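Coordinates from query.cif are shown below (mmCIF, C-alpha atoms and all ligand atoms).
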```cif
data_my_file
loop_
_atom_site.label_atom_id
_atom_site.label_comp_id
_atom_site.auth_asym_id
_atom_site.auth_seq_id
_atom_site.Cartn_x
_atom_site.Cartn_y
_atom_site.Cartn_z
CA MET C 1 17.17 7.57 -4.47
CA ASP C 2 15.68 5.72 -7.43
CA GLU C 3 14.07 2.86 -5.62
CA ALA C 4 13.01 0.99 -8.75
CA ARG C 5 16.66 0.50 -9.61
CA LEU C 6 17.68 -0.91 -6.27
CA THR C 7 17.99 -4.68 -6.12
CA ASP C 8 16.24 -6.50 -3.29
CA ASP C 9 19.61 -7.22 -1.72
CA GLU C 10 20.54 -3.53 -1.76
CA VAL C 11 17.27 -2.63 -0.07
CA VAL C 12 17.81 -5.32 2.58
CA ALA C 13 21.31 -3.97 3.26
CA SER C 14 19.90 -0.48 3.64
CA VAL C 15 17.23 -1.63 6.12
CA LEU C 16 19.84 -3.55 8.12
CA ASP C 17 21.90 -0.38 8.16
CA GLY C 18 19.12 1.26 10.12
CA ARG C 19 17.02 2.82 7.36
CA THR C 20 13.87 1.05 8.50
CA ARG C 21 11.62 3.02 6.15
CA ASP C 22 13.26 1.36 3.17
CA PHE C 23 11.52 -1.86 4.15
CA GLU C 24 8.43 -0.32 2.59
CA ILE C 25 10.09 -0.72 -0.83
CA LEU C 26 10.10 -4.49 -0.31
CA VAL C 27 6.54 -4.46 0.97
CA ARG C 28 5.36 -2.57 -2.13
CA ARG C 29 7.40 -4.82 -4.39
CA TYR C 30 6.04 -8.09 -3.04
CA SER C 31 2.72 -7.48 -1.27
CA GLY C 32 0.57 -7.99 -4.40
CA LYS C 33 2.15 -11.34 -5.21
CA ILE C 34 2.18 -12.51 -1.61
CA ILE C 35 -1.49 -11.63 -1.07
CA HIS C 36 -2.43 -13.25 -4.37
CA PHE C 37 -0.53 -16.40 -3.43
CA ILE C 38 -2.13 -16.64 0.01
CA GLU C 39 -5.60 -15.89 -1.27
CA ARG C 40 -5.41 -18.67 -3.85
CA MET C 41 -4.20 -21.03 -1.17
CA THR C 42 -6.78 -20.13 1.46
CA ALA C 43 -9.70 -18.81 -0.63
CA ASP C 44 -10.19 -16.21 2.09
CA SER C 45 -9.46 -12.64 1.10
CA ASP C 46 -9.61 -11.09 4.60
CA GLU C 47 -7.39 -13.71 6.13
CA SER C 48 -4.98 -13.54 3.21
CA ARG C 49 -4.26 -9.89 4.00
CA SER C 50 -3.79 -10.57 7.66
CA ILE C 51 -1.47 -13.53 6.98
CA ALA C 52 0.44 -11.45 4.44
CA GLN C 53 0.94 -8.76 7.05
CA ASP C 54 2.38 -11.34 9.45
CA VAL C 55 4.64 -12.61 6.66
CA PHE C 56 6.19 -9.16 6.31
CA PHE C 57 6.60 -8.83 10.09
CA LYS C 58 8.35 -12.19 10.16
CA ILE C 59 10.56 -11.24 7.23
CA TYR C 60 11.51 -8.02 8.96
CA GLN C 61 12.36 -9.74 12.23
CA ASN C 62 14.50 -12.30 10.45
CA LEU C 63 16.07 -10.00 7.92
CA SER C 64 19.52 -10.41 9.41
CA TYR C 65 19.35 -14.16 8.72
CA TYR C 66 18.83 -13.53 5.02
CA ARG C 67 22.02 -14.25 3.11
CA ALA C 68 22.21 -11.76 0.28
CA GLN C 69 22.41 -14.01 -2.75
CA ASN C 70 19.97 -12.39 -5.04
CA ASN C 71 17.22 -14.78 -3.97
CA PHE C 72 15.07 -12.63 -1.74
CA SER C 73 12.02 -13.81 -3.66
CA ALA C 74 12.62 -17.44 -2.64
CA PHE C 75 13.23 -16.29 0.94
CA ILE C 76 9.97 -14.38 1.23
CA PHE C 77 7.88 -17.05 -0.49
CA LYS C 78 9.32 -19.72 1.81
CA VAL C 79 8.09 -17.73 4.76
CA ALA C 80 4.72 -17.09 3.07
CA ARG C 81 4.35 -20.78 2.28
CA ASN C 82 5.11 -21.83 5.87
CA MET C 83 2.77 -19.31 7.41
CA THR C 84 -0.04 -20.16 4.98
CA LEU C 85 0.28 -23.89 5.60
CA ASN C 86 0.33 -23.26 9.36
CA TRP C 87 -2.87 -21.29 9.04
CA LEU C 88 -4.52 -24.01 6.95
CA HIS C 89 -3.51 -26.66 9.49
CA ARG C 90 -4.85 -24.54 12.33
CA GLN C 91 -8.14 -24.28 10.46
CA LYS C 92 -8.30 -28.04 10.10
CA ARG C 93 -7.59 -28.52 13.81
CA THR C 94 -10.29 -26.00 14.70
CA VAL C 95 -12.79 -27.99 12.68
CA PHE C 96 -11.61 -31.24 14.24
CA PHE C 97 -11.86 -30.01 17.82
CA SER C 98 -15.15 -28.27 17.38
CA ARG C 99 -16.56 -31.55 16.09
CA LEU C 100 -14.95 -33.44 18.94
CA LEU C 101 -16.56 -31.13 21.45
CA GLY C 102 -19.91 -31.46 19.75
CA ARG C 103 -19.87 -27.79 18.91
CA GLU C 104 -20.10 -28.32 15.23
CA LEU C 105 -19.59 -25.13 13.31
CA ALA C 106 -22.41 -24.14 11.04
CA ARG C 107 -20.18 -25.43 8.27
CA PRO C 108 -16.51 -26.23 8.60
CA PRO C 109 -14.27 -23.59 6.97
CA LEU C 110 -13.18 -25.85 4.13
CA GLU C 111 -16.74 -26.27 3.00
CA GLN C 112 -17.77 -22.67 3.40
CA GLU C 113 -18.28 -20.30 0.58
CA PRO C 114 -15.32 -18.00 0.11
CA PRO C 115 -16.09 -15.30 2.71
CA ARG C 116 -15.78 -12.31 0.38
CA ILE C 117 -16.82 -12.95 -3.15
CA SER C 118 -16.00 -10.29 -5.66
CA PRO C 119 -18.85 -9.44 -8.04
CA GLN C 120 -17.22 -11.31 -10.90
CA GLU C 121 -16.62 -14.34 -8.76
CA ARG C 122 -20.32 -14.85 -8.42
CA ASP C 123 -20.03 -16.32 -11.82
CA GLU C 124 -20.75 -20.00 -11.31
CA ARG C 125 -17.75 -21.15 -13.28
CA GLU C 126 -15.36 -19.09 -11.22
CA ARG C 127 -16.93 -20.31 -8.05
CA ALA C 128 -16.49 -23.91 -9.13
CA LEU C 129 -12.88 -23.21 -9.99
CA THR C 130 -12.13 -21.54 -6.65
CA LEU C 131 -13.73 -24.46 -4.88
CA GLY C 132 -11.86 -26.95 -7.03
CA LEU C 133 -8.58 -25.27 -6.17
CA ARG C 134 -9.39 -25.43 -2.50
CA ARG C 135 -10.19 -29.12 -2.75
CA LEU C 136 -6.83 -30.03 -4.22
CA PRO C 137 -4.43 -31.82 -1.89
CA GLU C 138 -2.22 -29.20 -0.28
CA GLU C 139 1.01 -30.01 -2.12
CA GLN C 140 -0.73 -30.05 -5.51
CA ARG C 141 -2.41 -26.74 -4.78
CA LEU C 142 0.82 -25.13 -3.62
CA ALA C 143 2.70 -26.18 -6.76
CA LEU C 144 -0.11 -25.15 -9.11
CA VAL C 145 -0.68 -21.75 -7.48
CA LEU C 146 3.03 -20.92 -7.62
CA LYS C 147 3.09 -21.96 -11.29
CA VAL C 148 -0.09 -20.35 -12.57
CA TYR C 149 -0.48 -17.24 -10.43
CA LEU C 150 3.12 -16.35 -9.72
CA GLU C 151 4.56 -17.77 -12.94
CA PHE C 152 7.37 -19.50 -11.11
CA SER C 153 9.45 -22.00 -13.07
CA TYR C 154 9.64 -25.53 -11.66
CA LYS C 155 13.15 -24.69 -10.47
CA GLN C 156 11.90 -21.63 -8.58
CA ILE C 157 9.10 -23.70 -7.06
CA GLY C 158 11.80 -26.12 -5.94
CA GLU C 159 13.66 -23.29 -4.22
CA VAL C 160 10.57 -22.36 -2.25
CA THR C 161 9.38 -25.87 -1.39
CA GLY C 162 12.53 -27.96 -1.40
CA TRP C 163 10.91 -30.44 -3.83
CA SER C 164 12.66 -31.97 -6.84
CA VAL C 165 11.66 -30.92 -10.36
CA PRO C 166 10.20 -34.38 -11.21
CA LYS C 167 8.07 -34.24 -8.08
CA ILE C 168 6.82 -30.77 -9.00
CA GLU C 169 6.10 -31.93 -12.54
CA THR C 170 3.97 -34.79 -11.18
CA LEU C 171 2.17 -32.62 -8.62
CA ILE C 172 1.20 -30.00 -11.18
CA SER C 173 0.15 -32.53 -13.76
CA ARG C 174 -2.06 -34.30 -11.21
CA ALA C 175 -3.47 -31.00 -9.98
CA LYS C 176 -4.53 -30.05 -13.50
CA ALA C 177 -6.06 -33.46 -14.19
CA ARG C 178 -7.97 -33.34 -10.91
CA LEU C 179 -9.24 -29.81 -11.49
CA LYS C 180 -10.36 -30.64 -15.01
CA LYS C 181 -12.32 -33.60 -13.71
CA PHE C 182 -13.82 -31.54 -10.91
CA ILE C 183 -15.00 -28.79 -13.26
CA LEU C 184 -16.41 -31.28 -15.72
CA LEU C 185 -18.35 -32.88 -12.91
CA GLN C 186 -19.68 -29.51 -11.78
CA GLU C 187 -20.79 -28.56 -15.24
CA SER C 188 -22.44 -31.84 -16.05
CA GLY C 189 -24.51 -31.07 -12.95
CA GLY C 190 -23.24 -34.31 -11.46
CA GLU C 191 -22.64 -33.46 -7.84
CA PRO C 192 -23.72 -30.33 -6.05
CA VAL C 193 -20.75 -28.11 -5.30
CA LEU C 194 -20.85 -28.57 -1.56
CA GLN C 195 -20.92 -32.33 -1.51
CA ALA C 196 -18.34 -33.06 -4.14
CA ARG C 197 -15.56 -33.85 -1.71
CA ASP C 198 -12.80 -35.93 -3.08
CA LYS C 199 -10.00 -37.52 -1.11
CA MET J 200 0.72 -45.95 -29.25
CA ASN J 201 2.65 -43.86 -26.74
CA CYS J 202 -0.34 -41.70 -25.88
CA GLN J 203 0.07 -42.38 -22.17
CA ARG J 204 3.61 -41.09 -22.21
CA ILE J 205 2.60 -38.00 -24.19
CA ILE J 206 -0.28 -37.22 -21.88
CA ARG J 207 2.09 -37.38 -18.93
CA LEU J 208 4.32 -34.83 -20.66
CA LEU J 209 1.58 -32.42 -21.73
CA SER J 210 1.41 -30.47 -18.48
CA ALA J 211 5.16 -29.83 -18.35
CA TYR J 212 5.04 -28.95 -22.06
CA GLN J 213 2.34 -26.40 -21.34
CA ASP J 214 4.47 -24.92 -18.56
CA GLY J 215 7.45 -24.59 -20.89
CA GLU J 216 9.46 -27.07 -18.84
CA LEU J 217 10.36 -29.67 -21.49
CA ASP J 218 13.70 -29.70 -23.28
CA ALA J 219 13.58 -29.07 -27.04
CA ALA J 220 13.70 -32.74 -28.01
CA ARG J 221 10.82 -33.81 -25.78
CA ALA J 222 8.83 -30.71 -26.76
CA ARG J 223 9.16 -31.64 -30.44
CA GLU J 224 8.10 -35.19 -29.67
CA VAL J 225 4.95 -33.91 -27.96
CA GLU J 226 4.14 -31.49 -30.79
CA SER J 227 4.49 -34.00 -33.58
CA HIS J 228 2.41 -36.58 -31.71
CA VAL J 229 -0.37 -34.20 -30.76
CA CYS J 230 -0.65 -32.99 -34.34
CA GLY J 231 -1.54 -36.45 -35.52
CA CYS J 232 -3.52 -37.83 -32.58
CA ALA J 233 -7.09 -36.78 -31.91
CA ALA J 234 -7.21 -38.20 -28.38
CA CYS J 235 -4.10 -36.36 -27.21
CA ARG J 236 -5.31 -33.28 -29.04
CA ALA J 237 -8.49 -33.32 -26.96
CA GLU J 238 -6.41 -33.73 -23.80
CA TRP J 239 -4.32 -30.73 -24.80
CA ASP J 240 -7.37 -28.60 -25.56
CA GLY J 241 -8.71 -29.44 -22.12
CA LEU J 242 -5.47 -28.32 -20.47
CA ARG J 243 -5.50 -25.06 -22.40
CA GLU J 244 -9.08 -24.37 -21.45
CA LEU J 245 -8.30 -25.03 -17.78
CA ASP J 246 -5.32 -22.70 -17.94
CA ARG J 247 -7.43 -19.95 -19.53
CA ARG J 248 -10.00 -20.26 -16.77
CA LEU J 249 -7.45 -20.33 -13.97
CA ARG J 250 -5.90 -17.15 -15.26
CA ARG J 251 -9.28 -15.50 -15.62
CA LEU J 252 -9.93 -15.67 -11.87
CA PRO J 253 -9.73 -12.04 -10.77
CA PRO J 254 -6.66 -11.16 -8.70
CA PRO J 255 -7.28 -9.83 -5.20
CA GLY J 256 -8.39 -6.21 -5.17
CA ALA J 257 -5.67 -3.66 -4.52
CA ASP J 258 -5.21 -2.65 -0.89
CA PRO J 259 -3.71 0.86 -0.98
CA PHE J 260 -3.11 0.93 2.79
CA PHE J 261 -1.44 -2.43 3.11
CA ALA J 262 2.14 -1.12 3.08
CA THR J 263 1.23 1.65 5.49
CA ARG J 264 -0.28 -0.84 7.92
CA VAL J 265 2.78 -3.06 7.76
CA MET J 266 5.15 -0.16 8.29
CA ALA J 267 3.11 1.08 11.25
CA GLY J 268 3.57 -2.29 12.94
CA LEU J 269 7.36 -2.43 12.70
CA ARG J 270 9.73 -1.74 15.54
CA PRO J 271 12.76 0.22 14.31
CA PHE J 272 15.74 -1.95 13.53
CA PRO J 273 18.64 -1.61 15.94
CA ALA J 274 21.12 0.32 13.83
CA GLY J 275 24.89 0.70 13.72
CA LYS J 276 26.52 0.47 17.12
CA TRP J 277 23.47 -1.13 18.73
CA ARG J 278 23.65 -3.98 16.28
CA LEU J 279 27.30 -4.37 17.22
CA LEU J 280 26.38 -4.48 20.89
CA GLN J 281 23.71 -7.06 20.15
CA ALA J 282 26.22 -9.19 18.26
CA VAL J 283 28.66 -9.02 21.19
CA VAL J 284 25.93 -10.11 23.61
CA HIS J 285 25.02 -13.02 21.32
CA ALA J 286 28.67 -14.03 21.08
CA LEU J 287 28.97 -14.00 24.90
CA VAL J 288 25.90 -16.20 25.22
CA PHE J 289 27.36 -18.68 22.74
CA VAL J 290 30.66 -18.77 24.63
CA LEU J 291 28.74 -19.48 27.84
CA ILE J 292 26.92 -22.34 26.13
CA PHE J 293 30.21 -23.85 24.95
CA ALA J 294 31.80 -23.48 28.36
CA GLY J 295 28.70 -24.96 29.96
CA GLY J 296 29.12 -28.09 27.84
CA PHE J 297 32.66 -28.65 29.12
CA VAL J 298 31.79 -27.98 32.74
CA VAL J 299 28.80 -30.29 32.72
CA GLN J 300 30.75 -33.05 31.02
CA THR J 301 33.61 -32.94 33.47
CA ALA J 302 31.19 -32.81 36.38
CA LEU J 303 29.21 -35.80 35.07
CA ASN J 304 32.26 -37.92 34.40
CA GLY J 305 34.04 -36.93 37.55
CA ARG J 306 37.15 -36.41 35.47
CA SER J 307 39.63 -33.68 35.93
CA ALA J 308 39.49 -30.81 33.52
CA ALA J 309 43.30 -31.02 33.34
CA ARG J 310 43.07 -34.41 31.66
CA PRO J 311 44.35 -34.34 28.05
CA ALA J 312 41.52 -33.06 25.88
CA THR J 313 39.85 -35.45 23.47
CA ASP J 314 38.90 -34.34 19.97
CA SER J 315 36.64 -31.34 20.04
CA THR J 316 33.82 -31.33 17.54
CA PHE J 317 31.02 -28.96 16.72
CA SER J 318 27.57 -29.51 15.31
CA ALA J 319 25.42 -27.11 13.36
CA VAL J 320 21.97 -26.47 14.75
CA LEU J 321 19.05 -24.96 12.87
CA LEU J 322 17.92 -21.78 14.53
CA GLU J 323 14.69 -21.35 12.67
CA PRO J 324 12.18 -23.72 11.17
CA PHE J 325 12.90 -22.38 7.70
CA ASP J 326 16.68 -22.60 7.63
CA LEU J 327 17.19 -18.94 8.28
CA GLY J 328 20.35 -19.41 10.24
CA LEU J 329 22.82 -21.94 11.55
CA LEU J 330 24.41 -21.99 14.95
CA ALA J 331 27.55 -23.98 15.72
CA VAL J 332 27.24 -25.79 19.03
CA HIS J 333 29.91 -27.84 20.74
CA ASP J 334 29.06 -31.53 20.71
CA ASP J 335 29.45 -31.74 24.46
CA THR J 336 26.53 -29.34 24.68
CA MET J 337 24.58 -31.43 22.18
CA ARG J 338 24.96 -34.47 24.43
CA LEU J 339 23.00 -32.70 27.11
CA PHE J 340 20.01 -33.01 24.82
CA ALA J 341 20.76 -36.35 23.17
CA PRO J 342 22.08 -38.91 25.61
CA GLU J 343 25.34 -40.51 24.56
CA ARG J 344 25.24 -44.08 23.38
CA PRO J 345 27.29 -46.49 25.50
ZN ZN D 401 -2.02 -39.73 -28.63
#
```
Take the structure I supplied and represent it as structure tokens, if you would.
Ligand SMILES: [Zn+2]
Amino acid sequence: MDEARLTDDEVVASVLDGRTRDFEILVRRYSGKIIHFIERMTADSDESRSIAQDVFFKIYQNLSYYRAQNNFSAFIFKVARNMTLNWLHRQKRTVFFSRLLGRELARPPLEQEPPRISPQERDERERALTLGLRRLPEEQRLALVLKVYLEFSYKQIGEVTGWSVPKIETLISRAKARLKKFILLQESGGEPVLQARDK
Amino acid sequence: MNCQRIIRLLSAYQDGELDAARAREVESHVCGCAACRAEWDGLRELDRRLRRLPPPGADPFFATRVMAGLRPFPAGKWRLLQAVVHALVFVLIFAGGFVVQTALNGRSAARPATDSTFSAVLLEPFDLGLLAVHDDTMRLFAPERP
């Protein structure tokens, strides 16, 4: 079987027919993009792999709900988006409760350095950018990451998020403006990275 | 002039999301306007930097780990059996709605039936499936208005 030629829908049909191993074709096809997406959203490379793994489990469990309409990509990114946002919200709650209980974490997750920094990422400019991305309001970050790192069109972003194209246009435009300002501020040595919290 | 309007369009222009007419408008304005030109250069620089962030390192065992965690899918006849069981459960839910309604109202089941309606219920938080449920069943969860 020439797996590269199979459409996503054909692979799904095959898995539903009992050929479980074929699910691996979908995992190989999408894991890179899904991990990239989650890592840009969470700035945590270990967690992004673990969340991505759960995304594929969830997809597998719910495969029979997928209506074959040649939009498997939207289906899988919807699940990835939901699970990533859930994780981010859980992180926020963890920080909130640990403060409430007086057991302040050394530093709340959102202000921590990215846990695993690749050698290149030590570059100050990249670090500022990663941090800037993480500081964007969630909706802006989601739209920008889908645009820049997954090269989704605004219409495709709409399919994943349920937002209108004008809303996406505004979110991305604001995200870029905010990031530009943030980077400029970093480079003019204005505010130290860890205190420059907007919002 | 209309710099504000152009600046608002620049991001969508960069993303290739403007129709031809608006794209031309942006281009001709930016060519002759130093302020908007600077704005555009800033956007391009940001885009270059964003794309220069290294992608996550490859994880050669990822697919293997995922596959190791999967339970085999119920195939062929087992899926059929599963579908039959689901169908039976749905029928029970429908029937339950009728029984409870007649019991609550103290009316006889032989009474001429009123219009029967069904509602669709979301099964999953991300619209993965719809389930038709008889409205009498729905009323168990949402009390009827007088
Ligand atoms: Zn101008």
- Choose the residue, out of C:Leu129, C:Ala175, C:Val11, C:Val160, that has the smallest atom-to-atom separation from Phe23 (chain C); count all atoms listed in the file.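 Nearest to Phe23 (chain C): C:Val11.
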- In Å, rounded to a single decimal, give me how far CA of Asn86 (chain C) is from CA of Arg49 (chain C).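 Between these atoms lies a distance of 15.1 Å.
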- Message: With 7 Å as the limit and counting all atoms listed in the file, what residues in chain C lie close to chain J? Please list them as number ranges by chain.
- Response: C: 16-18, 20, 24, 27-28, 36, 53, 57, 65-66, 126, 169, 173, 180
- Task: List all protein, DNA and RNA residues that have an atom no more than 9 Å from any atom of ligand ZN 401 (chain D), counting only C-alpha atoms and all ligand atoms, and report them as JSON, numbers by chain.
- Result: {"J": [200, 201, 202, 203, 204, 205, 206, 228, 229, 230, 231, 232, 233, 234, 235, 236, 238]}
- Task: Report the distance between CA of Pro166 (chain C) and CA of Ile59 (chain C) in Å, rounded to one decimal place.
- Result: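 Separation of CA of Pro166 (chain C) and CA of Ile59 (chain C): 29.6 Å.
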- Suppose you want the space between CA of Thr130 (chain C) and CA of Ala143 (chain C); what is it in Å?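 The value is 15.5 Å.
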- Query: With distances taken over all atoms listed in the file, which of C:Val55, C:Asn70, C:Glu47, C:Met41 is nearest to Glu10 (chain C)?
  - Reply: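 Looking only at the distances to Glu10 (chain C), the closest residue turns out to be C:Asn70.
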- Between C:Thr7, C:Gln69, C:Thr84, C:Asn62, which is the closest to Arg40 (chain C) once you count all atoms listed in the file?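 Among C:Thr7, C:Gln69, C:Thr84, C:Asn62, it is C:Thr84 that comes nearest to Arg40 (chain C).
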- Message: Within 10 Å of (1.9, -20.2, 5.4) (file coordinates; only C-alpha atoms), which protein or nucleic acid residues are there? I'd like them as a list of chain:residue names.
- Response: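 Those residues lying close to the given coordinates are C:Phe37, C:Ile38, C:Met41, C:Thr42, C:Ser48, C:Ile51, C:Ala52, C:Asp54, C:Val55, C:Phe77, C:Lys78, C:Val79, C:Ala80, C:Arg81, C:Asn82, C:Met83, C:Thr84, C:Leu85, C:Asn86, C:Trp87, C:Leu88, C:His89.
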- Pick out the residues sitting within 9 Å of Glu159 (chain C), and hand them over as JSON, numbers by chain; count all atoms listed in the file, and ignore anything fewer than 3 positions along from it in its own chain. {"C": [74, 75, 78, 154, 155, 156, 162, 163]}
- Message: Calculated over only C-alpha atoms, which of the candidates C:Arg178, C:Lys167, C:Lys33, C:Arg67 has the smallest distance to Val148 (chain C)?
- Response: C:Lys33
Would you mind putting N, CA and C atoms back on region 157-182 of chain C and writing the result as a compact mmCIF listing (two decimals), in the coordinates of the input?
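Saved to out-v8.txt:
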```
# COMPACT_ATOMS: atom_id res chain seq x y z
N ILE C 157 10.00 -23.04 -8.01
CA ILE C 157 9.10 -23.70 -7.06
C ILE C 157 9.92 -24.61 -6.14
N GLY C 158 10.91 -25.26 -6.73
CA GLY C 158 11.80 -26.12 -5.94
C GLY C 158 12.54 -25.33 -4.87
N GLU C 159 12.94 -24.11 -5.21
CA GLU C 159 13.66 -23.29 -4.22
C GLU C 159 12.77 -22.92 -3.03
N VAL C 160 11.49 -22.75 -3.32
CA VAL C 160 10.57 -22.36 -2.25
C VAL C 160 10.15 -23.58 -1.41
N THR C 161 9.96 -24.72 -2.09
CA THR C 161 9.38 -25.87 -1.39
C THR C 161 10.40 -26.92 -1.00
N GLY C 162 11.55 -26.92 -1.65
CA GLY C 162 12.53 -27.96 -1.40
C GLY C 162 12.23 -29.25 -2.16
N TRP C 163 11.26 -29.24 -3.06
CA TRP C 163 10.91 -30.44 -3.83
C TRP C 163 11.77 -30.53 -5.08
N SER C 164 11.92 -31.77 -5.59
CA SER C 164 12.66 -31.97 -6.84
C SER C 164 11.77 -31.59 -8.03
N VAL C 165 12.43 -31.29 -9.16
CA VAL C 165 11.66 -30.92 -10.36
C VAL C 165 10.72 -32.05 -10.80
N PRO C 166 11.16 -33.32 -10.83
CA PRO C 166 10.20 -34.38 -11.21
C PRO C 166 8.98 -34.44 -10.28
N LYS C 167 9.21 -34.22 -9.01
CA LYS C 167 8.07 -34.24 -8.08
C LYS C 167 7.10 -33.10 -8.40
N ILE C 168 7.66 -31.93 -8.68
CA ILE C 168 6.82 -30.77 -9.00
C ILE C 168 6.04 -31.02 -10.28
N GLU C 169 6.72 -31.61 -11.25
CA GLU C 169 6.10 -31.93 -12.54
C GLU C 169 4.87 -32.83 -12.29
N THR C 170 5.07 -33.86 -11.48
CA THR C 170 3.97 -34.79 -11.18
C THR C 170 2.84 -34.09 -10.42
N LEU C 171 3.20 -33.30 -9.42
CA LEU C 171 2.17 -32.62 -8.62
C LEU C 171 1.30 -31.73 -9.49
N ILE C 172 1.95 -30.94 -10.36
CA ILE C 172 1.20 -30.00 -11.18
C ILE C 172 0.33 -30.73 -12.19
N SER C 173 0.90 -31.77 -12.77
CA SER C 173 0.15 -32.53 -13.76
C SER C 173 -1.09 -33.15 -13.11
N ARG C 174 -0.91 -33.70 -11.91
CA ARG C 174 -2.06 -34.30 -11.21
C ARG C 174 -3.08 -33.24 -10.80
N ALA C 175 -2.56 -32.08 -10.39
CA ALA C 175 -3.47 -31.00 -9.98
C ALA C 175 -4.36 -30.60 -11.15
N LYS C 176 -3.74 -30.47 -12.33
CA LYS C 176 -4.53 -30.05 -13.50
C LYS C 176 -5.57 -31.12 -13.86
N ALA C 177 -5.14 -32.38 -13.83
CA ALA C 177 -6.06 -33.46 -14.19
C ALA C 177 -7.24 -33.47 -13.21
N ARG C 178 -6.94 -33.30 -11.94
CA ARG C 178 -7.97 -33.34 -10.91
C ARG C 178 -8.95 -32.18 -11.05
N LEU C 179 -8.39 -31.00 -11.33
CA LEU C 179 -9.24 -29.81 -11.49
C LEU C 179 -10.14 -29.96 -12.71
N LYS C 180 -9.56 -30.47 -13.78
CA LYS C 180 -10.36 -30.64 -15.01
C LYS C 180 -11.55 -31.54 -14.72
N LYS C 181 -11.27 -32.64 -14.02
CA LYS C 181 -12.32 -33.60 -13.71
C LYS C 181 -13.38 -32.94 -12.82
N PHE C 182 -12.91 -32.19 -11.85
CA PHE C 182 -13.82 -31.54 -10.91
C PHE C 182 -14.76 -30.58 -11.64
```
